[in-house]
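Q: protein06.cif (mmCIF, C-alpha atoms) pasted underneath:
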```
data_model
loop_
_atom_site.label_atom_id
_atom_site.label_comp_id
_atom_site.auth_asym_id
_atom_site.auth_seq_id
_atom_site.Cartn_x
_atom_site.Cartn_y
_atom_site.Cartn_z
CA MET A 1 71.80 -35.89 -73.36
CA GLU A 2 68.59 -34.31 -74.63
CA LEU A 3 69.10 -33.09 -78.19
CA LEU A 4 66.74 -30.15 -78.06
CA SER A 5 68.43 -28.44 -75.14
CA SER A 6 70.01 -25.03 -75.53
CA ARG A 7 73.51 -26.38 -74.70
CA CYS A 8 73.24 -29.14 -77.27
CA MET A 9 71.96 -26.70 -79.89
CA LYS A 10 74.90 -24.39 -79.29
CA ILE A 11 77.38 -27.26 -79.65
CA ALA A 12 75.59 -28.50 -82.79
CA ASN A 13 75.80 -24.98 -84.24
CA TRP A 14 79.59 -24.96 -83.90
CA VAL A 15 79.87 -28.48 -85.33
CA VAL A 16 77.70 -27.61 -88.36
CA LEU A 17 79.65 -24.38 -88.87
CA GLY A 18 82.94 -26.30 -88.84
CA LEU A 19 81.57 -28.81 -91.35
CA LEU A 20 80.24 -26.07 -93.63
CA VAL A 21 83.56 -24.19 -93.56
CA ALA A 22 85.48 -27.39 -94.33
CA ALA A 23 83.09 -28.34 -97.14
CA GLY A 24 83.23 -24.78 -98.54
CA TYR A 25 87.02 -24.78 -98.46
CA LEU A 26 87.21 -28.12 -100.25
CA ALA A 27 84.50 -27.28 -102.80
CA SER A 28 85.12 -23.61 -103.64
CA GLY A 29 88.36 -22.43 -102.06
CA ARG A 30 89.57 -20.09 -99.37
CA GLU A 31 87.50 -17.01 -100.15
CA PHE A 32 84.22 -18.95 -100.10
CA ALA A 33 85.22 -20.66 -96.82
CA LEU A 34 86.00 -17.26 -95.30
CA GLY A 35 82.53 -16.06 -96.31
CA VAL A 36 80.95 -19.11 -94.68
CA LEU A 37 83.03 -18.61 -91.54
CA VAL A 38 82.16 -14.94 -91.17
CA GLY A 39 78.44 -15.53 -91.85
CA GLY A 40 78.38 -18.49 -89.49
CA LEU A 41 80.15 -16.64 -86.68
CA LEU A 42 77.75 -13.75 -87.07
CA VAL A 43 74.61 -15.87 -86.91
CA VAL A 44 75.87 -18.15 -84.11
CA ALA A 45 76.82 -15.12 -82.01
CA ASN A 46 73.37 -13.74 -82.75
CA PHE A 47 71.79 -17.01 -81.57
CA HIS A 48 73.80 -16.92 -78.31
CA LEU A 49 72.71 -13.34 -77.68
CA LEU A 50 69.07 -14.22 -78.42
CA HIS A 51 69.23 -17.08 -75.89
CA ARG A 52 70.81 -14.87 -73.25
CA PHE A 53 68.28 -12.05 -73.70
CA LEU A 54 65.33 -14.43 -73.75
CA LYS A 55 66.47 -16.32 -70.66
CA GLY A 56 67.20 -13.11 -68.75
CA THR A 57 63.87 -11.56 -69.66
CA LEU A 58 61.74 -14.59 -68.78
CA GLU A 59 63.58 -15.19 -65.49
CA LYS A 60 63.26 -11.54 -64.53
CA ALA A 61 59.57 -11.48 -65.44
CA GLN A 62 58.99 -14.49 -63.18
CA ILE A 63 61.00 -13.14 -60.24
CA GLU A 64 59.70 -9.57 -60.42
CA PRO A 65 56.17 -9.62 -61.92
CA GLU A 66 55.58 -5.99 -60.92
CA SER A 67 58.31 -4.71 -63.29
CA ARG A 68 57.04 -6.70 -66.28
CA GLY A 69 56.48 -3.62 -68.46
CA ARG A 70 60.02 -2.39 -67.96
CA THR A 71 61.44 -5.86 -68.65
CA GLN A 72 59.44 -6.07 -71.89
CA ALA A 73 60.68 -2.65 -73.00
CA PHE A 74 64.27 -3.63 -72.25
CA PHE A 75 63.83 -6.87 -74.19
CA ALA A 76 62.45 -5.01 -77.20
CA ALA A 77 65.33 -2.53 -77.05
CA LYS A 78 67.88 -5.33 -76.84
CA GLN A 79 66.28 -7.16 -79.77
CA PHE A 80 66.34 -3.95 -81.80
CA LEU A 81 69.99 -3.31 -80.97
CA ARG A 82 70.96 -6.90 -81.78
CA PHE A 83 69.28 -6.83 -85.16
CA THR A 84 70.65 -3.36 -85.94
CA GLY A 85 74.18 -4.54 -85.11
CA MET A 86 73.74 -7.54 -87.35
CA MET A 87 72.36 -5.33 -90.12
CA VAL A 88 75.33 -2.95 -89.94
CA VAL A 89 77.87 -5.80 -90.08
CA VAL A 90 76.11 -7.51 -93.02
CA PHE A 91 75.82 -4.13 -94.79
CA LEU A 92 79.54 -3.45 -94.42
CA LEU A 93 80.47 -6.96 -95.53
CA ILE A 94 78.34 -6.75 -98.68
CA ARG A 95 78.90 -3.04 -99.47
CA TYR A 96 82.68 -3.30 -99.46
CA GLY A 97 82.84 -6.87 -100.75
CA TRP A 98 85.07 -8.09 -97.92
CA VAL A 99 83.80 -11.66 -98.21
CA ASN A 100 82.25 -13.91 -100.84
CA VAL A 101 78.51 -13.14 -100.88
CA LEU A 102 77.39 -16.68 -101.66
CA GLY A 103 79.61 -18.00 -98.86
CA LEU A 104 78.10 -15.42 -96.53
CA VAL A 105 74.58 -16.63 -97.38
CA VAL A 106 75.62 -20.24 -96.72
CA GLY A 107 77.23 -19.19 -93.43
CA LEU A 108 74.11 -17.31 -92.39
CA SER A 109 72.13 -20.51 -92.91
CA THR A 110 74.12 -22.34 -90.19
CA VAL A 111 71.60 -21.94 -87.39
CA ALA A 112 68.58 -22.66 -89.61
CA LEU A 113 70.30 -25.79 -90.92
CA THR A 114 71.28 -26.97 -87.43
CA LEU A 115 67.80 -26.46 -86.02
CA THR A 116 66.21 -28.23 -89.00
CA LEU A 117 68.57 -31.20 -88.60
CA LEU A 118 67.96 -31.40 -84.84
CA GLY A 119 64.21 -31.15 -85.40
CA LEU A 120 64.27 -33.92 -88.00
CA ASN A 121 66.34 -36.07 -85.68
CA GLU A 122 63.89 -35.53 -82.83
CA ALA A 123 60.90 -36.24 -85.10
CA THR A 124 62.51 -39.48 -86.33
CA LYS A 125 63.15 -40.54 -82.74
CA ILE A 126 59.53 -39.90 -81.76
CA LYS A 127 58.26 -41.75 -84.85
CA ASN A 128 60.46 -44.77 -84.13
CA LYS A 129 59.34 -44.77 -80.51
CA GLU A 130 55.67 -44.76 -81.56
CA ALA A 131 56.24 -47.49 -84.14
CA ASP A 132 58.05 -49.75 -81.66
CA PRO A 133 55.52 -52.49 -80.71
CA SER A 134 57.27 -53.22 -77.41
CA HIS A 135 56.99 -49.61 -76.34
CA GLY A 136 54.97 -49.25 -73.20
CA THR A 137 55.22 -52.94 -72.18
CA SER A 138 57.83 -54.50 -69.95
CA HIS A 139 57.99 -57.67 -72.08
CA PRO A 140 59.52 -57.70 -75.56
CA LEU A 141 57.16 -59.09 -78.22
CA SER A 142 58.46 -62.10 -80.14
CA MET B 1 37.66 -2.81 -92.53
CA LYS B 2 36.50 -0.10 -94.95
CA LYS B 3 39.46 2.09 -93.99
CA VAL B 4 41.88 -0.76 -94.63
CA LEU B 5 40.34 -1.37 -98.05
CA VAL B 6 40.58 2.30 -98.98
CA LEU B 7 44.17 2.48 -97.75
CA GLY B 8 45.09 -0.73 -99.59
CA SER B 9 43.58 0.38 -102.89
CA THR B 10 45.24 3.82 -102.60
CA LEU B 11 48.59 2.17 -102.00
CA LEU B 12 48.07 -0.18 -104.92
CA PHE B 13 47.20 2.64 -107.32
CA SER B 14 50.14 4.75 -106.12
CA LEU B 15 52.48 1.84 -106.74
CA LEU B 16 50.95 1.19 -110.15
CA PHE B 17 51.37 4.80 -111.26
CA ALA B 18 54.83 5.07 -109.73
CA SER B 19 56.02 2.08 -111.75
CA LEU B 20 54.42 3.50 -114.91
CA ALA B 21 56.10 6.84 -114.32
CA MET B 22 59.45 5.17 -113.83
CA ALA B 23 58.99 2.99 -116.88
CA ALA B 24 58.22 6.00 -119.12
CA GLU B 25 61.25 6.83 -121.25
CA PRO B 26 62.29 10.46 -121.70
CA ALA B 27 62.84 11.56 -125.28
CA GLY B 28 66.38 11.03 -126.57
CA GLY B 29 67.75 8.91 -123.73
CA GLY B 30 66.62 5.35 -124.43
CA ALA B 31 69.57 3.45 -122.98
CA ALA B 32 70.06 5.78 -120.04
CA ALA B 33 66.36 5.61 -119.23
CA SER B 34 66.43 1.81 -119.41
CA LEU B 35 69.37 1.70 -117.02
CA GLY B 36 67.60 4.17 -114.77
CA THR B 37 64.47 2.03 -114.83
CA PHE B 38 66.53 -1.04 -113.98
CA PHE B 39 68.12 0.64 -110.96
CA SER B 40 64.77 2.12 -109.88
CA TYR B 41 63.16 -1.30 -109.90
CA SER B 42 66.16 -2.75 -108.04
CA VAL B 43 65.74 -0.20 -105.27
CA LEU B 44 61.97 -0.82 -105.17
CA ALA B 45 62.50 -4.58 -105.00
CA ALA B 46 65.03 -4.27 -102.18
CA GLY B 47 62.85 -1.93 -100.18
CA PHE B 48 59.62 -3.82 -100.61
CA GLY B 49 61.31 -7.17 -100.04
CA MET B 50 62.76 -6.05 -96.72
CA GLY B 51 59.52 -4.37 -95.73
CA ILE B 52 57.41 -7.45 -96.40
CA ALA B 53 59.94 -9.69 -94.63
CA ALA B 54 60.00 -7.41 -91.59
CA PHE B 55 56.19 -7.33 -91.52
CA GLY B 56 55.90 -11.12 -91.56
CA THR B 57 58.73 -11.63 -89.10
CA GLY B 58 57.29 -9.11 -86.68
CA ILE B 59 53.87 -10.75 -86.70
CA ALA B 60 55.28 -14.27 -86.40
CA GLN B 61 57.67 -13.43 -83.58
CA GLY B 62 54.97 -11.55 -81.73
CA LEU B 63 52.55 -14.48 -81.97
CA GLY B 64 55.21 -16.96 -80.86
CA LEU B 65 56.30 -14.83 -77.94
CA LYS B 66 52.68 -14.22 -76.86
CA SER B 67 51.88 -17.93 -76.82
CA ALA B 68 55.09 -18.80 -75.00
CA VAL B 69 54.54 -16.21 -72.30
CA GLU B 70 50.93 -17.40 -71.87
CA GLY B 71 52.20 -20.97 -71.56
CA ILE B 72 54.77 -20.00 -68.93
CA ALA B 73 52.15 -18.03 -67.00
CA ARG B 74 49.86 -21.09 -66.94
CA ASN B 75 52.58 -23.59 -66.14
CA PRO B 76 55.73 -22.00 -64.67
CA GLU B 77 57.40 -25.42 -64.18
CA ALA B 78 57.55 -25.91 -67.94
CA SER B 79 59.35 -22.60 -68.49
CA GLY B 80 62.66 -24.29 -69.43
CA LYS B 81 61.13 -26.40 -72.21
CA ILE B 82 58.98 -23.53 -73.46
CA THR B 83 62.01 -21.22 -73.57
CA VAL B 84 64.02 -23.69 -75.65
CA THR B 85 61.12 -24.26 -78.06
CA MET B 86 60.59 -20.52 -78.34
CA LEU B 87 64.31 -20.03 -78.96
CA ILE B 88 64.14 -22.46 -81.86
CA GLY B 89 61.06 -20.76 -83.30
CA LEU B 90 62.44 -17.25 -82.95
CA ALA B 91 65.79 -18.23 -84.48
CA MET B 92 64.08 -19.89 -87.45
CA ILE B 93 61.76 -16.93 -88.02
CA GLU B 94 64.58 -14.44 -87.66
CA SER B 95 66.72 -16.28 -90.17
CA LEU B 96 64.07 -15.42 -92.79
CA ALA B 97 64.43 -11.71 -92.04
CA ILE B 98 68.21 -12.07 -92.25
CA TYR B 99 67.91 -13.76 -95.65
CA ALA B 100 65.66 -10.95 -96.88
CA LEU B 101 68.15 -8.40 -95.60
CA VAL B 102 71.04 -10.13 -97.36
CA VAL B 103 69.10 -10.40 -100.62
CA ALA B 104 68.09 -6.72 -100.41
CA LEU B 105 71.69 -5.70 -99.79
CA ILE B 106 72.90 -7.90 -102.63
CA ILE B 107 70.35 -6.28 -104.97
CA LEU B 108 71.52 -2.84 -103.89
CA TYR B 109 75.27 -3.28 -103.68
CA ALA B 110 76.47 -6.56 -105.12
CA TYR B 111 73.98 -7.58 -107.79
CA PRO B 112 75.96 -9.80 -110.16
CA MET B 113 73.86 -8.90 -113.23
CA THR B 114 74.50 -5.13 -112.99
CA LYS B 115 77.63 -5.13 -115.15
CA PRO B 116 76.26 -7.40 -117.92
CA ILE B 117 73.03 -5.36 -118.13
CA ALA B 118 74.95 -2.06 -118.21
CA ALA B 119 77.30 -3.49 -120.85
CA ALA B 120 74.36 -4.65 -122.95
CA LEU B 121 72.94 -1.12 -122.81
CA GLY B 122 76.30 0.34 -123.87
CA PHE B 123 77.45 1.66 -120.50
CA LYS B 124 80.72 1.05 -118.74
CA ILE B 125 80.50 0.53 -114.97
#
```
As structure tokens, how would this structure be written, given the file I've shared?

A:
Amino acid sequence: MELLSSRCMKIANWVVLGLLVAAGYLASGREFALGVLVGGLLVVANFHLLHRFLKGTLEKAQIEPESRGRTQAFFAAKQFLRFTGMMVVVFLLIRYGWVNVLGLVVGLSTVALTLTLLGLNEATKIKNKEADPSHGTSHPLS
Amino acid sequence: MKKVLVLGSTLLFSLLFASLAMAAEPAGGGAAASLGTFFSYSVLAAGFGMGIAAFGTGIAQGLGLKSAVEGIARNPEASGKITVTMLIGLAMIESLAIYALVVALIILYAYPMTKPIAAALGFKI
């Protein structure tokens, strides 16, 4: 399976979130783990929405090129609504202190961490492929 | 270019004088003025931090989106790969804005140094 596919990224997001929550629970207790979980859920849901909006917009722009302006406006509106929703939730969480703030920041880093790890993995694979002397030949070099 | 320079220098001077005005202590209220200055600077920091982050994020996302759409227009068969790459880029860029938002909200509502600073100035919060 290709690592940098949207499906793989979504699965990796959940795996990294689970690991972060477990590590947070073991290292700093229940409250911190709850903060990580809430932040992670928020940012992963945000990532899923971003993917859905992006896919829908690009597909629609390809199928109906004449309504490109309207599609762009809808995309901008959806982006605005998504970020506003996220802002309101984060505001409420921090304003009323419902979760641990440090845990929340760690949880919000889930997607960035996952994408960095996947990117590093892909870069290592490409580097190894380029360094392999038998690459590109049908006969292994002895 | 000249207009931008004039606008920039005006903004800079306004900021400079605003901070001086806020830093000036009224007679007879040293501690209260210091606390007021602290909160004023906190609000300024949160606002400017979020503004700068939004500015950078907006430019970066716009550039990324523009290039991706151009790429798809040139080569529609590669739209799947371009979309995934763009998704990664947009998510990474957006995470910066989210961090700035969280830091701004922490400064405004959950700054951990508020109580120690208020206590040091003789206030009870």

Q: Sorted by chain and rising residue number, list the residues of chain A at most 7 Å from chain B (counting only C-alpha atoms), each with its closest atom pair and distance in Å to one decimal, as CSV.

A:
```
residue,atom,partner,partner_atom,distance
A:Ser5,CA,B:Val84,CA,6.5
A:Ser6,CA,B:Val84,CA,6.1
A:Phe47,CA,B:Ala91,CA,6.8
A:His51,CA,B:Leu87,CA,6.5
A:Phe91,CA,B:Leu105,CA,6.7
A:Ile94,CA,B:Ala110,CA,6.7
A:Arg95,CA,B:Tyr109,CA,5.6
A:Ala112,CA,B:Met92,CA,5.7
A:Leu115,CA,B:Ile88,CA,6.8
```

Q: Starting from the shown file, work through the PyMOL selection byres ((chain A and resi 83) around 12) and note down what comes out as a list in words.

A: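 Going through the file, the PyMOL selection byres ((chain A and resi 83) around 12) ends up selecting Leu42, Val43, Ala45, Asn46, Phe47, Leu49, Leu50, Ala76, Ala77, Lys78, Gln79, Phe80, Leu81, Arg82, Thr84, Gly85, Met86, Met87, Val88, Val89, Val90 and Phe91 of chain A; Ala54, Ala91, Glu94, Ser95, Ala97, Ile98 and Leu101 of chain B.
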
Q: For the atom pair CA of Leu34 (chain A) and CA of Gly107 (chain A), what is the interatomic distance in Å to one decimal place?

A: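 Between CA of Leu34 (chain A) and CA of Gly107 (chain A) the gap is 9.2 Å.
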
Q: What's around Val16 (chain A) at 12 Å? Count all atoms listed in the file, leave out sequence neighbours fewer than 5 positions away in its own chain, and write the answer as a PyMOL selection string.

A: chain A and resi 9-11+21-24+36-37+40-41+44+106-118

Q: For CA of Ala68 (chain B) and CA of Gly119 (chain A), determine how far apart the two atoms are, in Å to one decimal place.

A: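 Computed distance, CA of Ala68 (chain B) to CA of Gly119 (chain A), equals 18.5 Å.
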
Q: If you measure from CA of Leu58 (chain A) to CA of Phe74 (chain A), what distance in Å do you get, rounded to one decimal?

A: 11.8 Å

Q: Some atoms are absent from region 12-26 of chain A, so rebuild N, CA and C atoms and return them as a CSV table (one decimal), keeping the file's coordinate frame.

A:
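As a result, selection.csv now contains:
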```csv
chain,number,residue,atom,x,y,z
A,12,ALA,N,75.9,-28.1,-81.4
A,12,ALA,CA,75.6,-28.5,-82.8
A,12,ALA,C,75.8,-27.4,-83.8
A,13,ASN,N,75.6,-26.1,-83.4
A,13,ASN,CA,75.8,-25.0,-84.2
A,13,ASN,C,77.3,-24.9,-84.6
A,14,TRP,N,78.2,-25.0,-83.6
A,14,TRP,CA,79.6,-25.0,-83.9
A,14,TRP,C,80.0,-26.1,-84.8
A,15,VAL,N,79.5,-27.3,-84.5
A,15,VAL,CA,79.9,-28.5,-85.3
A,15,VAL,C,79.5,-28.3,-86.8
A,16,VAL,N,78.2,-27.8,-87.0
A,16,VAL,CA,77.7,-27.6,-88.4
A,16,VAL,C,78.5,-26.5,-89.0
A,17,LEU,N,78.9,-25.5,-88.3
A,17,LEU,CA,79.6,-24.4,-88.9
A,17,LEU,C,81.0,-24.9,-89.3
A,18,GLY,N,81.6,-25.7,-88.5
A,18,GLY,CA,82.9,-26.3,-88.8
A,18,GLY,C,82.8,-27.1,-90.1
A,19,LEU,N,81.8,-28.0,-90.2
A,19,LEU,CA,81.6,-28.8,-91.4
A,19,LEU,C,81.3,-28.0,-92.6
A,20,LEU,N,80.5,-26.9,-92.5
A,20,LEU,CA,80.2,-26.1,-93.6
A,20,LEU,C,81.5,-25.4,-94.1
A,21,VAL,N,82.3,-24.9,-93.2
A,21,VAL,CA,83.6,-24.2,-93.6
A,21,VAL,C,84.5,-25.2,-94.3
A,22,ALA,N,84.6,-26.4,-93.7
A,22,ALA,CA,85.5,-27.4,-94.3
A,22,ALA,C,85.0,-27.7,-95.7
A,23,ALA,N,83.7,-28.0,-95.8
A,23,ALA,CA,83.1,-28.3,-97.1
A,23,ALA,C,83.3,-27.2,-98.1
A,24,GLY,N,83.1,-26.0,-97.7
A,24,GLY,CA,83.2,-24.8,-98.5
A,24,GLY,C,84.7,-24.6,-99.0
A,25,TYR,N,85.6,-24.9,-98.1
A,25,TYR,CA,87.0,-24.8,-98.5
A,25,TYR,C,87.4,-25.8,-99.5
A,26,LEU,N,86.9,-27.0,-99.3
A,26,LEU,CA,87.2,-28.1,-100.2
A,26,LEU,C,86.5,-27.9,-101.6
```
